[in-house]
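Asks: Sending over protein_12.cif (mmCIF, C-alpha atoms).
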```cif
data_upload
loop_
_atom_site.label_atom_id
_atom_site.label_comp_id
_atom_site.auth_asym_id
_atom_site.auth_seq_id
_atom_site.Cartn_x
_atom_site.Cartn_y
_atom_site.Cartn_z
CA MET A 14 0.00 0.00 0.00
CA LYS A 15 1.57 3.23 -1.13
CA LEU A 16 1.11 6.17 1.23
CA LYS A 17 1.39 9.76 0.08
CA THR A 18 2.82 12.59 2.14
CA ALA A 19 1.77 16.14 2.94
CA ARG A 20 3.66 19.32 3.75
CA ILE A 21 1.01 21.50 5.31
CA PHE A 22 0.06 20.53 8.87
CA ALA A 23 -0.79 17.47 10.94
CA CYS A 24 -4.07 16.00 9.86
CA VAL A 25 -5.82 12.71 9.40
CA ALA A 26 -6.18 11.42 5.87
CA LEU A 27 -7.82 8.38 4.36
CA VAL A 28 -5.38 6.48 2.18
CA GLY A 29 -6.59 3.24 0.65
CA GLY A 30 -9.37 3.22 3.24
CA VAL A 31 -6.97 3.52 6.17
CA ALA A 32 -6.85 6.51 8.51
CA VAL A 33 -3.34 7.94 8.39
CA ALA A 34 -1.84 10.59 10.64
CA VAL A 35 0.28 12.86 8.47
CA LEU A 36 3.39 14.53 9.85
CA PRO A 37 4.99 17.67 8.47
CA GLY A 38 8.61 18.20 7.60
CA VAL A 39 10.33 19.55 10.69
CA ALA A 40 13.73 21.21 10.94
CA SER A 41 15.80 21.73 14.08
CA ALA A 42 19.32 22.77 14.93
CA ALA A 43 20.41 19.20 14.35
CA GLY A 44 18.67 19.03 10.98
CA LYS A 45 15.57 17.29 9.82
CA THR A 46 14.14 15.06 12.54
CA VAL A 47 10.76 14.12 11.13
CA SER A 48 10.28 13.65 7.41
CA ASP A 49 7.35 14.42 5.14
CA ALA A 50 6.00 10.91 5.66
CA THR A 51 3.05 9.17 7.20
CA PHE A 52 2.71 6.70 9.99
CA ASN A 53 2.06 3.42 8.25
CA PRO A 54 2.04 -0.35 8.74
CA THR A 55 5.79 -0.59 8.05
CA PHE A 56 6.69 1.97 10.77
CA SER A 57 9.08 3.63 8.34
CA THR A 58 8.37 7.14 9.67
CA MET A 59 9.94 6.34 13.02
CA LYS A 60 13.50 6.19 11.66
CA TYR A 61 13.46 9.97 11.27
CA LEU A 62 13.41 10.28 15.06
CA LYS A 63 16.77 8.57 15.61
CA SER A 64 18.59 11.88 16.07
CA VAL A 65 16.11 12.85 18.79
CA VAL A 66 16.47 9.45 20.44
CA ALA A 67 20.23 9.99 20.61
CA LYS A 68 19.72 13.16 22.68
CA GLY A 69 17.50 11.54 25.27
CA LYS A 70 18.31 9.96 28.60
CA GLY A 71 16.42 7.45 30.66
CA SER A 72 13.61 5.22 29.48
CA ILE A 73 10.00 5.36 28.33
CA ALA A 74 7.38 3.30 30.16
CA VAL A 75 4.05 2.21 28.68
CA ILE A 76 1.33 0.95 31.02
CA LEU A 77 -1.75 -0.48 29.28
CA PRO A 78 -4.99 -1.22 31.15
CA ASP A 79 -6.01 -4.88 31.00
CA THR A 80 -6.32 -8.06 28.99
CA VAL A 81 -10.11 -8.44 29.19
CA SER A 82 -11.88 -5.32 27.89
CA SER A 83 -10.40 -5.69 24.41
CA ALA A 84 -7.96 -7.91 22.56
CA ARG A 85 -6.34 -4.75 21.21
CA TRP A 86 -4.20 -4.04 24.29
CA VAL A 87 -2.25 -7.31 23.98
CA ASP A 88 -2.59 -8.11 20.28
CA TYR A 89 -2.30 -4.65 18.72
CA ASP A 90 -1.08 -1.86 20.99
CA ALA A 91 1.75 -3.59 22.84
CA PRO A 92 3.39 -4.95 19.66
CA ALA A 93 2.87 -1.60 17.90
CA PHE A 94 4.68 0.28 20.64
CA LYS A 95 7.57 -2.18 20.53
CA LYS A 96 7.91 -1.82 16.76
CA ALA A 97 7.69 1.97 16.97
CA PHE A 98 10.37 2.29 19.64
CA LEU A 99 12.77 -0.11 17.94
CA ALA A 100 12.25 1.56 14.56
CA ALA A 101 13.07 4.91 16.14
CA GLY A 102 16.36 3.56 17.47
CA LEU A 103 15.56 2.93 21.12
CA LYS A 104 17.30 -0.06 22.64
CA THR A 105 15.29 -2.71 24.45
CA ASN A 106 16.53 -1.45 27.81
CA GLN A 107 15.29 2.06 27.02
CA PHE A 108 11.59 1.21 27.05
CA ILE A 109 9.20 -1.09 28.88
CA ILE A 110 5.67 -2.10 27.94
CA GLN A 111 3.44 -3.37 30.74
CA ASN A 112 -0.20 -4.26 31.37
CA GLY A 113 -2.08 -3.43 34.56
CA HIS A 114 -4.32 -6.53 34.27
CA GLY A 115 -7.33 -4.52 35.39
CA SER A 116 -5.72 -3.47 38.69
CA PRO A 117 -5.23 0.24 39.51
CA GLN A 118 -2.79 -0.80 42.22
CA GLU A 119 -0.72 -2.80 39.74
CA GLN A 120 -0.62 0.20 37.41
CA LEU A 121 0.58 2.42 40.27
CA THR A 122 3.17 -0.12 41.38
CA ASP A 123 4.43 -0.47 37.80
CA ALA A 124 4.71 3.30 37.44
CA GLN A 125 6.58 3.67 40.72
CA GLY A 126 8.98 0.90 39.74
CA ASP A 127 9.53 2.31 36.27
CA ILE A 128 10.27 5.77 37.62
CA ALA A 129 12.64 4.36 40.24
CA LYS A 130 14.52 2.65 37.42
CA GLY A 131 14.90 5.84 35.43
CA ALA A 132 11.80 6.30 33.30
CA LYS A 133 11.54 9.90 32.11
CA VAL A 134 8.25 9.54 30.21
CA LEU A 135 5.16 7.57 31.19
CA ILE A 136 2.53 6.56 28.64
CA LEU A 137 -0.63 5.61 30.53
CA THR A 138 -4.01 4.15 29.66
CA SER A 139 -5.70 4.54 33.01
CA LEU A 140 -8.33 2.14 34.28
CA ASP A 141 -10.25 5.04 35.79
CA SER A 142 -9.59 8.72 36.24
CA SER A 143 -9.27 8.60 40.03
CA SER A 144 -6.43 6.07 40.06
CA GLY A 145 -4.94 7.54 36.88
CA ALA A 146 -4.75 11.00 38.42
CA ILE A 147 -2.86 9.57 41.40
CA ILE A 148 -0.33 7.92 39.10
CA GLU A 149 0.10 11.09 37.07
CA ALA A 150 0.54 13.25 40.18
CA TYR A 151 3.21 10.82 41.39
CA ALA A 152 5.02 11.03 38.07
CA GLU A 153 4.78 14.84 37.91
CA SER A 154 6.20 15.20 41.41
CA ARG A 155 9.29 13.35 40.21
CA GLY A 156 9.74 15.29 37.00
CA VAL A 157 8.37 12.56 34.74
CA LYS A 158 6.24 13.60 31.77
CA VAL A 159 2.98 11.75 31.11
CA ILE A 160 1.04 11.07 27.92
CA ASP A 161 -2.56 9.87 28.19
CA TYR A 162 -2.93 7.06 25.69
CA ASP A 163 -6.35 6.39 24.18
CA ARG A 164 -8.21 7.45 27.37
CA LEU A 165 -8.12 10.91 28.89
CA THR A 166 -7.50 10.85 32.63
CA LEU A 167 -9.92 13.46 33.93
CA GLY A 168 -8.27 15.70 36.50
CA GLY A 169 -4.90 14.26 35.54
CA ASP A 170 -1.52 15.89 35.09
CA ARG A 171 -0.37 14.94 31.62
CA SER A 172 1.42 16.81 28.86
CA TYR A 173 -0.37 15.27 25.87
CA TYR A 174 -3.31 13.10 24.93
CA VAL A 175 -3.41 10.74 21.93
CA SER A 176 -6.60 9.02 20.87
CA PHE A 177 -9.30 8.77 18.27
CA ASN A 178 -12.27 11.11 18.13
CA ASN A 179 -14.34 9.09 20.57
CA VAL A 180 -17.67 10.84 20.02
CA ALA A 181 -17.16 10.07 16.33
CA VAL A 182 -16.56 6.43 17.30
CA GLY A 183 -19.94 6.36 19.01
CA THR A 184 -21.58 8.10 16.08
CA LEU A 185 -20.31 5.39 13.73
CA ILE A 186 -21.63 2.67 16.04
CA GLY A 187 -25.07 4.26 16.17
CA GLN A 188 -25.21 4.84 12.43
CA GLY A 189 -24.02 1.30 11.81
CA LEU A 190 -26.79 -0.18 13.93
CA LEU A 191 -29.55 1.85 12.28
CA SER A 192 -28.22 0.97 8.84
CA CYS A 193 -28.13 -2.70 9.75
CA ILE A 194 -31.65 -2.69 11.19
CA LYS A 195 -32.82 -1.45 7.81
CA SER A 196 -30.69 -3.70 5.60
CA TRP A 197 -31.45 -6.80 7.68
CA ASN A 198 -35.18 -5.99 7.53
CA VAL A 199 -35.63 -6.11 11.31
CA ALA A 200 -39.37 -5.84 11.86
CA SER A 201 -40.59 -3.71 14.80
CA PRO A 202 -37.06 -3.17 16.18
CA VAL A 203 -36.55 -3.13 19.93
CA VAL A 204 -32.98 -2.03 20.68
CA PHE A 205 -31.01 -2.99 23.78
CA VAL A 206 -28.52 -0.15 24.29
CA MET A 207 -25.34 -1.21 26.08
CA LYS A 208 -22.47 0.91 27.35
CA GLY A 209 -18.85 0.56 28.40
CA ALA A 210 -17.64 0.95 31.99
CA PRO A 211 -18.77 4.24 33.59
CA THR A 212 -15.26 4.68 35.02
CA ASP A 213 -13.87 5.05 31.48
CA ASN A 214 -14.27 8.54 30.04
CA ASN A 215 -14.14 7.04 26.54
CA ALA A 216 -17.27 5.01 27.27
CA THR A 217 -19.06 8.26 28.12
CA LEU A 218 -17.91 9.82 24.85
CA PHE A 219 -18.89 6.76 22.83
CA ALA A 220 -22.36 6.92 24.36
CA GLN A 221 -22.67 10.62 23.53
CA GLY A 222 -22.15 9.71 19.89
CA TYR A 223 -24.49 6.75 19.57
CA ASP A 224 -27.16 8.13 21.92
CA ALA A 225 -27.48 11.20 19.68
CA VAL A 226 -27.88 9.01 16.59
CA LEU A 227 -30.41 6.67 18.20
CA ASN A 228 -32.44 9.48 19.75
CA ALA A 229 -32.64 11.20 16.37
CA GLY A 230 -33.78 7.86 14.93
CA GLY A 231 -36.72 7.59 17.32
CA TYR A 232 -35.18 5.57 20.16
CA ASN A 233 -35.09 6.75 23.79
CA THR A 234 -31.65 6.23 25.31
CA THR A 235 -32.46 8.31 28.39
CA SER A 236 -35.41 6.59 30.05
CA GLY A 237 -36.21 3.80 27.63
CA SER A 238 -39.45 3.25 25.73
CA SER A 239 -41.42 0.59 23.92
CA ASN A 240 -38.64 0.28 21.33
CA THR A 241 -35.62 0.94 23.59
CA VAL A 242 -34.19 -0.97 26.55
CA ASN A 243 -31.17 0.58 28.28
CA GLU A 244 -28.46 -1.30 30.15
CA SER A 245 -28.48 -0.20 33.77
CA VAL A 246 -24.76 0.49 34.34
CA GLY A 247 -22.39 -0.62 31.60
CA THR A 248 -19.18 -2.63 31.64
CA TRP A 249 -16.04 -3.59 29.74
CA THR A 250 -16.12 -7.13 31.18
CA PRO A 251 -17.59 -9.47 28.54
CA SER A 252 -19.02 -11.96 31.06
CA VAL A 253 -20.84 -9.14 32.85
CA ALA A 254 -22.14 -7.82 29.52
CA LEU A 255 -23.55 -11.29 28.81
CA THR A 256 -25.25 -11.42 32.20
CA ASP A 257 -26.74 -7.95 31.63
CA PHE A 258 -28.08 -9.01 28.24
CA GLN A 259 -29.54 -12.27 29.53
CA GLY A 260 -31.40 -10.37 32.26
CA ALA A 261 -32.77 -7.84 29.80
CA TYR A 262 -33.70 -10.51 27.24
CA SER A 263 -35.53 -12.58 29.86
CA ALA A 264 -37.52 -9.52 30.84
CA ASN A 265 -38.22 -8.49 27.23
CA SER A 266 -37.96 -11.20 24.60
CA LYS A 267 -38.90 -8.65 21.91
CA ILE A 268 -35.31 -7.33 21.91
CA ASN A 269 -34.12 -7.91 18.34
CA ALA A 270 -31.23 -5.44 17.92
CA VAL A 271 -28.32 -4.80 20.25
CA LEU A 272 -25.98 -1.83 20.39
CA THR A 273 -22.80 -3.28 21.84
CA PRO A 274 -19.93 -0.78 22.34
CA ASN A 275 -17.12 -3.17 21.41
CA ASP A 276 -16.41 -6.56 19.86
CA GLU A 277 -15.48 -8.19 23.15
CA ASN A 278 -18.85 -7.43 24.76
CA ALA A 279 -20.73 -8.54 21.66
CA ALA A 280 -18.95 -11.89 21.27
CA PRO A 281 -20.30 -13.84 24.28
CA ILE A 282 -23.83 -12.54 23.69
CA ILE A 283 -23.71 -13.65 20.06
CA SER A 284 -22.36 -17.06 21.12
CA TYR A 285 -25.16 -17.39 23.68
CA LEU A 286 -27.85 -16.61 21.11
CA GLN A 287 -26.21 -18.97 18.60
CA SER A 288 -26.56 -21.74 21.19
CA GLN A 289 -30.27 -20.88 21.26
CA GLY A 290 -30.57 -21.25 17.48
CA LEU A 291 -29.88 -17.71 16.27
CA LYS A 292 -29.53 -17.56 12.48
CA PRO A 293 -27.35 -15.10 10.51
CA ASN A 294 -28.66 -11.65 9.62
CA THR A 295 -31.38 -11.83 12.26
CA ILE A 296 -30.39 -9.78 15.32
CA PRO A 297 -27.85 -7.06 14.47
CA PHE A 298 -24.97 -6.29 16.85
CA THR A 299 -22.34 -3.56 16.67
CA GLY A 300 -18.73 -3.46 17.78
CA GLN A 301 -15.42 -1.68 18.08
CA ASP A 302 -11.70 -2.48 17.81
CA ALA A 303 -11.80 -4.72 14.72
CA THR A 304 -10.73 -7.81 16.64
CA PRO A 305 -10.50 -11.17 14.87
CA ALA A 306 -13.53 -12.40 16.83
CA GLY A 307 -15.49 -9.32 15.87
CA ILE A 308 -14.57 -9.61 12.20
CA ASP A 309 -15.47 -13.31 12.21
CA ASN A 310 -18.92 -12.38 13.55
CA ILE A 311 -19.24 -9.73 10.85
CA ILE A 312 -18.36 -11.90 7.88
CA SER A 313 -20.54 -14.78 9.15
CA GLY A 314 -23.57 -12.49 9.48
CA TYR A 315 -23.98 -11.93 13.21
CA GLN A 316 -22.49 -8.46 13.66
CA CYS A 317 -23.18 -5.41 11.49
CA GLY A 318 -19.71 -3.92 11.64
CA THR A 319 -16.96 -2.66 13.89
CA VAL A 320 -15.13 0.59 14.43
CA PHE A 321 -11.56 0.25 13.22
CA LYS A 322 -8.97 2.32 15.10
CA PRO A 323 -5.54 1.47 13.67
CA SER A 324 -3.36 0.99 16.74
CA PHE A 325 -0.20 1.17 14.66
CA ILE A 326 -0.99 4.84 13.94
CA GLU A 327 -1.97 5.70 17.51
CA ALA A 328 1.09 4.00 19.00
CA GLN A 329 3.52 5.66 16.56
CA ALA A 330 2.09 9.13 17.24
CA THR A 331 2.41 8.53 20.97
CA ALA A 332 5.90 7.09 20.69
CA ALA A 333 7.00 10.14 18.68
CA LEU A 334 5.72 12.50 21.38
CA ALA A 335 7.41 10.44 24.09
CA ILE A 336 10.73 10.49 22.25
CA TYR A 337 10.67 14.29 22.08
CA LEU A 338 9.74 14.56 25.77
CA ARG A 339 12.50 12.11 26.74
CA ALA A 340 15.04 14.27 24.90
CA LYS A 341 13.56 17.45 26.44
CA GLU A 342 13.17 18.73 22.91
CA LYS A 343 10.29 20.95 21.88
CA VAL A 344 7.56 18.86 20.31
CA PRO A 345 6.98 20.10 16.73
CA ALA A 346 3.68 21.95 16.64
CA GLY A 347 2.62 20.06 13.53
CA ILE A 348 2.48 16.70 15.29
CA VAL A 349 -0.35 17.88 17.53
CA ASN A 350 -3.58 18.51 15.64
CA GLY A 351 -6.00 19.65 18.34
CA THR A 352 -6.88 20.14 21.99
CA THR A 353 -9.14 18.26 24.37
CA THR A 354 -10.94 19.89 27.27
CA ASP A 355 -10.54 18.32 30.69
CA GLY A 356 -13.53 19.64 32.62
CA SER A 357 -12.24 18.09 35.84
CA ALA A 358 -8.91 19.91 35.78
CA THR A 359 -8.43 22.27 38.73
CA ILE A 360 -5.32 23.91 37.29
CA ALA A 361 -5.97 26.27 34.38
CA SER A 362 -2.96 25.06 32.40
CA LEU A 363 -4.30 21.49 32.46
CA LYS A 364 -7.80 22.25 31.18
CA ASN A 365 -6.91 22.31 27.48
CA VAL A 366 -4.80 19.27 26.69
CA PRO A 367 -2.66 19.31 23.50
CA SER A 368 -3.88 16.31 21.55
CA VAL A 369 -3.39 14.06 18.57
CA LEU A 370 -6.92 13.07 17.52
CA LEU A 371 -7.29 10.45 14.82
CA THR A 372 -10.22 9.45 12.65
CA PRO A 373 -11.99 6.09 13.18
CA LEU A 374 -13.49 3.99 10.38
CA TRP A 375 -16.63 1.86 10.22
CA VAL A 376 -15.85 -1.58 8.81
CA THR A 377 -18.39 -3.97 7.30
CA ALA A 378 -17.96 -7.37 5.71
CA ALA A 379 -17.55 -5.68 2.33
CA THR A 380 -14.68 -3.48 3.53
CA VAL A 381 -12.70 -5.84 5.78
CA GLU A 382 -10.19 -6.54 3.00
CA SER A 383 -9.66 -2.93 1.90
CA GLN A 384 -9.59 -1.39 5.38
CA VAL A 385 -8.36 -3.92 7.93
CA ILE A 386 -6.40 -6.54 6.03
CA ALA A 387 -4.68 -3.87 3.92
CA SER A 388 -3.49 -2.20 7.12
CA LYS A 389 -1.80 -5.44 8.25
CA GLN A 390 -3.22 -5.06 11.75
CA VAL A 391 -5.19 -8.29 11.28
CA THR A 392 -4.12 -11.12 8.99
CA THR A 393 -6.20 -13.54 6.98
CA ALA A 394 -4.65 -16.38 8.99
CA GLN A 395 -6.49 -15.03 12.03
CA LEU A 396 -9.82 -15.00 10.20
CA CYS A 397 -10.01 -17.53 7.43
CA THR A 398 -8.77 -20.80 8.88
CA SER A 399 -11.24 -21.50 11.68
CA THR A 400 -14.79 -22.86 11.67
CA ALA A 401 -17.88 -20.89 12.61
CA PRO A 402 -19.70 -21.92 15.81
CA THR A 403 -22.25 -24.67 15.44
CA VAL A 404 -25.78 -23.29 15.51
CA THR A 405 -28.59 -25.55 16.60
CA GLY A 406 -30.58 -26.84 13.65
CA SER A 407 -28.38 -25.38 10.93
CA SER A 408 -25.15 -26.03 9.11
CA GLN A 409 -22.83 -23.03 9.24
CA PRO A 410 -20.06 -22.41 6.70
CA THR A 411 -16.46 -22.10 7.78
CA TYR A 412 -14.95 -18.66 8.06
CA ALA A 413 -12.78 -19.64 5.12
CA ALA A 414 -15.91 -19.71 2.97
CA ASP A 415 -16.96 -16.32 4.38
CA CYS A 416 -13.54 -14.90 3.53
CA THR A 417 -13.88 -16.14 -0.03
CA LYS A 418 -17.35 -14.62 -0.27
CA TYR A 419 -16.03 -11.16 0.66
CA GLY A 420 -12.73 -11.34 -1.21
CA ILE A 421 -10.62 -11.48 1.95
CA LYS A 422 -7.23 -12.87 0.99
#
```
Let me see the file written as structure tokens.
Replies:
Amino acid sequence: MKLKTARIFACVALVGGVAVAVLPGVASAAGKTVSDATFNPTFSTMKYLKSVVAKGKGSIAVILPDTVSSARWVDYDAPAFKKAFLAAGLKTNQFIIQNGHGSPQEQLTDAQGDIAKGAKVLILTSLDSSSGAIIEAYAESRGVKVIDYDRLTLGGDRSYYVSFNNVAVGTLIGQGLLSCIKSWNVASPVVFVMKGAPTDNNATLFAQGYDAVLNAGGYNTTSGSSNTVNESVGTWTPSVALTDFQGAYSANSKINAVLTPNDENAAPIISYLQSQGLKPNTIPFTGQDATPAGIDNIISGYQCGTVFKPSFIEAQATAALAIYLRAKEKVPAGIVNGTTTDGSATIASLKNVPSVLLTPLWVTAATVESQVIASKQVTTAQLCTSTAPTVTGSSQPTYAADCTKYGIK
């Protein structure tokens, strides 16, 4: 996939169906440090940061949130950070990539240990803003710069924030569900509206996006109605999402469309309904993160689509910022393309957070090949070699047949 460059300012472009963060040419006293190139699946942009890496001291620590809420943290983000750092010239002892395994205390302990060992920059995806703010205050008190990765820590003390436009993510999910209800000919739709964990600011932003779409479409996401059932709390734990759905479905068997905020929450519910005899293209589900499980559900006709957020772009943008901070070099203005308001900030200088905000994509079965496979974030080997779940009373094709149907190769 050939990626074109731009010389104007940082932006997000669509190249071959893939969202691409574009960096400007940047000059410094030491010469050109970032070329007119894009972040891409080959990580070739990162080599232009080697001169900045050479000026830095200490290490960079990445602390991701968990292994349950999404496959992305282990399968996509961690490997992307490793590739980005190595491509930029960092040695393996100059960075560490960890996972908090769903424990705020583990994240804090990791941060304290990293800083004690010489970390100068901390990249954090907090589990919740309260614990995240404590970690960031600890880092700041020791002169360590923090970048919020993917999730904004409300009331935190970070220098930058890198993520996707999360309200836009929710908007795509809502639009995808309504489109699917129509194309699947769902009669008298009754939508179960699910949410992510209330402790995650992103989940709130996602809901802002899809609630607006559903409300405009005649569904009531505030108090519920004859055609809308709302999840009581919300979660990023798939087993809890399944329990929530089963309770709602037992109470209202008319539910025939489900807004699920990510692939991981959708998967166990789809499996449960398949065990009850659910047929393809019957009850539409939505998703996020373009996981192999989510894509399998899409191509086999159980999920409408998924929001694709290329982690290789997000991780490279974050790594680039961290490399500049580690070297105590001024971050080129062109890398940052916006600001994000932190309404919980008590210090004026922390209210408007310099940000890199990327554009998400809605992926359907027809666009898996051009958008996801072309990006190299997911491979055909992960999708096309397994067999679809057995559904009572029917014979399901293998995913290999589904891949052939949609030209996934």
Asks: Enter the distance from atom CA of Thr417 of chain A to atom CA of Leu374 of chain A, in Å, rounded to one decimal.
Replies: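 These atoms are spaced 22.7 Å apart.
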Asks: Measuring atom to atom with all atoms listed in the file, identify which of A:Thr212, A:Thr372, A:Ser324, A:Asn265 is nearest to Pro92 of chain A.
Replies: A:Ser324
Asks: Might you spell out which residues the PyMOL selection byres ((chain A and resi 144) around 9) would select in the displayed file, as a list in words?
Replies: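 Taken over the shown coordinates, the PyMOL selection byres ((chain A and resi 144) around 9) returns Pro117, Gln118, Gln120, Leu121, Ser139, Leu140, Asp141, Ser142, Ser143, Gly145, Ala146, Ile147, Ile148, Glu149 and Thr166 of chain A.
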Asks: Mind pulling up the distance from atom CA of Gly102 of chain A to atom CA of Ile136 of chain A?
Replies: 18.0 Å
Asks: Env of Cys416 of chain A: 10 Å cut, atoms = only C-alpha atoms, seq-sep filter 4 positions within chain, self excluded. Answer as number ranges by chain.
Replies: A: 309, 312-313, 378, 381-382, 393, 396-398, 411-412, 420-422
Asks: As a check of understanding, name the residues that the PyMOL selection byres ((chain A and resi 233) around 12) selects in the supplied structure, as a PyMOL selection string.
Replies: chain A and resi 203-206+223-232+234-243
Asks: Hey, can you spit out that residue selection with C-alpha atoms as a compact mmCIF listing (two decimals), in the frame of the given file?
Replies:
```
# COMPACT_ATOMS: atom_id res chain seq x y z
CA VAL A 203 -36.55 -3.13 19.93
CA VAL A 204 -32.98 -2.03 20.68
CA PHE A 205 -31.01 -2.99 23.78
CA VAL A 206 -28.52 -0.15 24.29
CA TYR A 223 -24.49 6.75 19.57
CA ASP A 224 -27.16 8.13 21.92
CA ALA A 225 -27.48 11.20 19.68
CA VAL A 226 -27.88 9.01 16.59
CA LEU A 227 -30.41 6.67 18.20
CA ASN A 228 -32.44 9.48 19.75
CA ALA A 229 -32.64 11.20 16.37
CA GLY A 230 -33.78 7.86 14.93
CA GLY A 231 -36.72 7.59 17.32
CA TYR A 232 -35.18 5.57 20.16
CA THR A 234 -31.65 6.23 25.31
CA THR A 235 -32.46 8.31 28.39
CA SER A 236 -35.41 6.59 30.05
CA GLY A 237 -36.21 3.80 27.63
CA SER A 238 -39.45 3.25 25.73
CA SER A 239 -41.42 0.59 23.92
CA ASN A 240 -38.64 0.28 21.33
CA THR A 241 -35.62 0.94 23.59
CA VAL A 242 -34.19 -0.97 26.55
CA ASN A 243 -31.17 0.58 28.28
```
Asks: Might you spell out which residues the PyMOL selection byres ((chain A and resi 339) around 10) would select in the displayed file, as a list in words?
Replies: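 What the PyMOL selection byres ((chain A and resi 339) around 10) grabs from the file is Val65, Val66, Lys68, Gly69, Lys70, Gly71, Ser72, Ile73, Ala132, Lys133, Val134, Leu135, Val157, Lys158, Ala333, Leu334, Ala335, Ile336, Tyr337, Leu338, Ala340, Lys341 and Glu342 of chain A.
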Asks: I'd like to know which of A:Ser284, A:Thr248, A:Gln188, A:Gln107 is closest to Trp375 of chain A, using all atoms listed in the file.
Replies: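 Selected residue with least distance to Trp375 of chain A: A:Gln188.
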Asks: For atom CA of Pro274 of chain A and atom CA of Ala303 of chain A, quote the distance in Å rounded to one decimal.
Replies: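 Result for atom CA of Pro274 of chain A versus atom CA of Ala303 of chain A: 11.8 Å, one decimal.
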Asks: Could you tell me which of A:Ile186, A:Ala84, A:Met207, A:Ile194 comes closest to Thr273 of chain A if we count only C-alpha atoms?
Replies: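 Smallest separation from Thr273 of chain A among the options: A:Met207.
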Asks: Out of A:Pro373, A:Ala328, A:Thr359, A:Asn310, which residue has the shortest atom-to-atom distance to Ile160 of chain A when counting only C-alpha atoms?
Replies: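 For Ile160 of chain A, the nearest of the given residues is A:Ala328.
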Asks: Calculated over all atoms listed in the file, which of the candidates A:Ala414, A:Ile76, A:Ala346, A:Val246 has the smallest distance to Phe258 of chain A?
Replies: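 Among A:Ala414, A:Ile76, A:Ala346, A:Val246, it is A:Val246 that comes nearest to Phe258 of chain A.
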Asks: Hey, which of A:Leu165, A:Ala129, A:Ala413, A:Val253 ends up closest to Ala152 of chain A? Count only C-alpha atoms.
Replies: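 Of A:Leu165, A:Ala129, A:Ala413, A:Val253, the one nearest Ala152 of chain A is A:Ala129, counting only C-alpha atoms.
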Asks: When you look at Gly189 of chain A with a cut-off of 10 Å (counting only C-alpha atoms), what residues show up, excluding the ones that are within fewer than 4 positions of it in the same chain? I need them as an NGL selection string.
Replies: :A and (183-185 or 193-194 or 223 or 226 or 272 or 297-300 or 317-320 or 375-377)
Asks: Which residues are close to Ala150 of chain A, i.e. within 9 Å by all atoms listed in the file, leaving aside same-chain residues fewer than 6 positions away? Reply as an mmCIF file with C-alpha atoms, keeping the file's coordinate frame.
Replies:
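Now in around25.cif:
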```cif
data_model
loop_
_atom_site.group_PDB
_atom_site.id
_atom_site.type_symbol
_atom_site.label_atom_id
_atom_site.label_comp_id
_atom_site.auth_asym_id
_atom_site.auth_seq_id
_atom_site.Cartn_x
_atom_site.Cartn_y
_atom_site.Cartn_z
ATOM 1 C CA GLY A 169 -4.900 14.260 35.540
ATOM 2 C CA ASP A 170 -1.520 15.890 35.090
ATOM 3 C CA ARG A 171 -0.370 14.940 31.620
#
```
Asks: Could N, CA and C atoms be built for segment 333-343 of chain A and written out as a PDB file, in the coordinates of the input?
Replies:
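The result, stored in out29.pdb:
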```
ATOM      1  N   ALA A 333       6.287   8.952  19.161  1.00  0.00           N
ATOM      2  CA  ALA A 333       7.000  10.140  18.680  1.00  0.00           C
ATOM      3  C   ALA A 333       6.976  11.253  19.729  1.00  0.00           C
ATOM      4  N   LEU A 334       5.813  11.489  20.322  1.00  0.00           N
ATOM      5  CA  LEU A 334       5.720  12.500  21.380  1.00  0.00           C
ATOM      6  C   LEU A 334       6.638  12.138  22.550  1.00  0.00           C
ATOM      7  N   ALA A 335       6.597  10.878  22.952  1.00  0.00           N
ATOM      8  CA  ALA A 335       7.410  10.440  24.090  1.00  0.00           C
ATOM      9  C   ALA A 335       8.900  10.605  23.821  1.00  0.00           C
ATOM     10  N   ILE A 336       9.313  10.352  22.606  1.00  0.00           N
ATOM     11  CA  ILE A 336      10.730  10.490  22.250  1.00  0.00           C
ATOM     12  C   ILE A 336      11.186  11.936  22.361  1.00  0.00           C
ATOM     13  N   TYR A 337      10.345  12.871  21.924  1.00  0.00           N
ATOM     14  CA  TYR A 337      10.670  14.290  22.080  1.00  0.00           C
ATOM     15  C   TYR A 337      10.723  14.689  23.551  1.00  0.00           C
ATOM     16  N   LEU A 338       9.765  14.218  24.338  1.00  0.00           N
ATOM     17  CA  LEU A 338       9.740  14.560  25.770  1.00  0.00           C
ATOM     18  C   LEU A 338      10.954  13.974  26.484  1.00  0.00           C
ATOM     19  N   ARG A 339      11.328  12.756  26.124  1.00  0.00           N
ATOM     20  CA  ARG A 339      12.500  12.110  26.740  1.00  0.00           C
ATOM     21  C   ARG A 339      13.763  12.913  26.473  1.00  0.00           C
ATOM     22  N   ALA A 340      13.861  13.492  25.274  1.00  0.00           N
ATOM     23  CA  ALA A 340      15.040  14.270  24.900  1.00  0.00           C
ATOM     24  C   ALA A 340      14.956  15.725  25.377  1.00  0.00           C
ATOM     25  N   LYS A 341      13.820  16.074  25.996  1.00  0.00           N
ATOM     26  CA  LYS A 341      13.560  17.450  26.440  1.00  0.00           C
ATOM     27  C   LYS A 341      13.656  18.425  25.269  1.00  0.00           C
ATOM     28  N   GLU A 342      13.230  17.927  24.111  1.00  0.00           N
ATOM     29  CA  GLU A 342      13.170  18.730  22.910  1.00  0.00           C
ATOM     30  C   GLU A 342      11.742  19.243  22.730  1.00  0.00           C
ATOM     31  N   LYS A 343      11.614  20.415  22.152  1.00  0.00           N
ATOM     32  CA  LYS A 343      10.290  20.950  21.880  1.00  0.00           C
ATOM     33  C   LYS A 343       9.569  20.065  20.871  1.00  0.00           C
TER      34      LYS A 343
END
```
